[in-house]
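Contents: one structure, followed by commentary.
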Amino acid sequence: MTLTSLSRQKPPSLFITVRFLTRHLSTSKLRDHYSFQPPPSLSLDPQKSKSNSNSHKKQKPKYRPPSSLDQIKPIYSDLPFDFRFSYTESSPTVRPIGLREPKYSPFGPGRLDREWTGVCAPAVDPKVKSLEGTEDPNLEAKRKLLRGRIQGAPLTEAERKFLVEKCQRNRNKRQINLGRDGLTHNMLNDIHNHWKFAEAVRIKCLGVPTVDMKNVCTQLEDKTFGKIIQRHGGTLILYRGRNYNRKKRPVIPLMLWKPQEPVYPRLIKTTIDGLSIEETKEMRKRGLAVPVLTKLAKNGYYGSLVPMVRDAFVVSELVRIDCTGFERSDYKKIGCKLRDLVPCILVTFEKEQIVVWRGQDYKPPEDGHFFTDREFFDDPGCDMERSDE
């Protein structure tokens, strides 16, 4: 009885409606008429949506680590001077007698269109085989012409004072330090980077290069095509010029390491010219016993050293300078500069002392013994005379 009663019961209405929809919608046209495709943001395949959205964008290349097998295009620079590590501490007129290392270019292999000769990268002949790399005389005329275009009309006195005041330490902290290596090649790039943000840059000079500040000022103006508008001791203010365009700044390839200095002839010979061996030994003993003229501080300012030695030669034929604590290469460079600027004869470098002799026929220089320690360059006429000199 129970089974027959259950079989006679009607099925639920929900079940009937579902069966009816599944049968008739599969064959009807309503589904085709009202069906739609979901947008890419609602699609189930995320990869297809990403490819469709980024199809108009350039695909970023995958990172590839640098390799020594890659072909590097050499950098072309049209600067009209030979590339050296230091422009103030080396001279193209002095020929070395040898090299301490093979001629590996400090700019990197294949990174510069100039050939490294062991001392410099000459601007004219890339196949030069000489050690000193003699500079083309036409390059000096090109540098003067290029510098004249960049500088334009000279500054007025009011403009100079404004730029000098703007570069003072209490108003501007930007500064370039010039140390024992002098004006290096990579420092040219630093100067142009400072000229992006200001018309003038402050340069502080300390150490060995300050013995010859005139050479430092000349090399700065010659290699950067700028103009020094003030000098106070070892502090310089270098102006970039009226027509300077930072977007057209020169291409300056950077040195990746410091090259070894070449071998130069000995500064002190066994015997001094005009004296015998016994007289040379006696002079060296007397030179080390002479009272000290001055004791140099390490990394100090030595701009007044040349006039001090000239004045001392009026009274004494031997002068001793105490360089205790200096590196041997530093006080050798100082002695070499004194030999050329005073002029004098080097006697010895023993016991960290510089002993110089004025010579047998010493005559005081005609240009005087004093050195101007402060220059403002306020008169444009003086600048013209200085550039002509």
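Lettering and numbering for the structure tokens are positional, with chains as A, B, ... in the shown order, residues counted from 1 in each chain, and ligands counted from 1 in the shown order.
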Where does DSSP see alpha helix (DSSP H) in range 41-280 of chain A, if you list the residues as a PyMOL selection string? chain A and resi 46-53+138-151+157-166+185-194+213-224+277-280
Do you have, as a Markdown table, the list of residues of range 53-157 of chain A lying at most 12 Å from range 188-199 of chain A, each with its nearest atom pair and that distance in Å to one decimal, counting only C-alpha atoms and ordered by chain then number?
```
| residue | atom | partner | partner_atom | distance |
| --- | --- | --- | --- | --- |
| A:Leu79 | CA | A:Leu188 | CA | 11.5 |
| A:Phe83 | CA | A:Leu188 | CA | 11.0 |
| A:Arg84 | CA | A:Leu188 | CA | 11.4 |
| A:Phe85 | CA | A:Leu188 | CA | 11.0 |
| A:Ser86 | CA | A:Leu188 | CA | 10.7 |
| A:Tyr87 | CA | A:Leu188 | CA | 10.5 |
| A:Gln151 | CA | A:Glu199 | CA | 11.6 |
```
Ranking A:Lys204, A:Lys58, A:Arg149, A:Arg328 by minimum distance to Gln175 in chain A and counting only C-alpha atoms, which one comes first? A:Lys204
Residues near range 230-237 of chain A, cut-off 12 Å, only C-alpha atoms, skip fewer than 4 positions along chain, as a PyMOL selection string: chain A and resi 157+160-169+174-179+191+195+198-214+216-218+220-221+226+299-304+371-379+383
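Omitting Pro80 in chain A and its sequence neighbours fewer than 3 positions away, and counting only C-alpha atoms, the residues within 10 Å are A:Ser77, A:Phe83, A:Pro122, A:Ala123, A:Val124, A:Glu135, A:Asp136, A:Asn138, A:Leu139, A:Glu140, A:Ala141, A:Lys142, A:Arg143, A:Leu146, A:Lys223.
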Please compute the CA of Ala312 in chain A-CA of Thr348 in chain A distance, one decimal, in Å. 17.7 Å
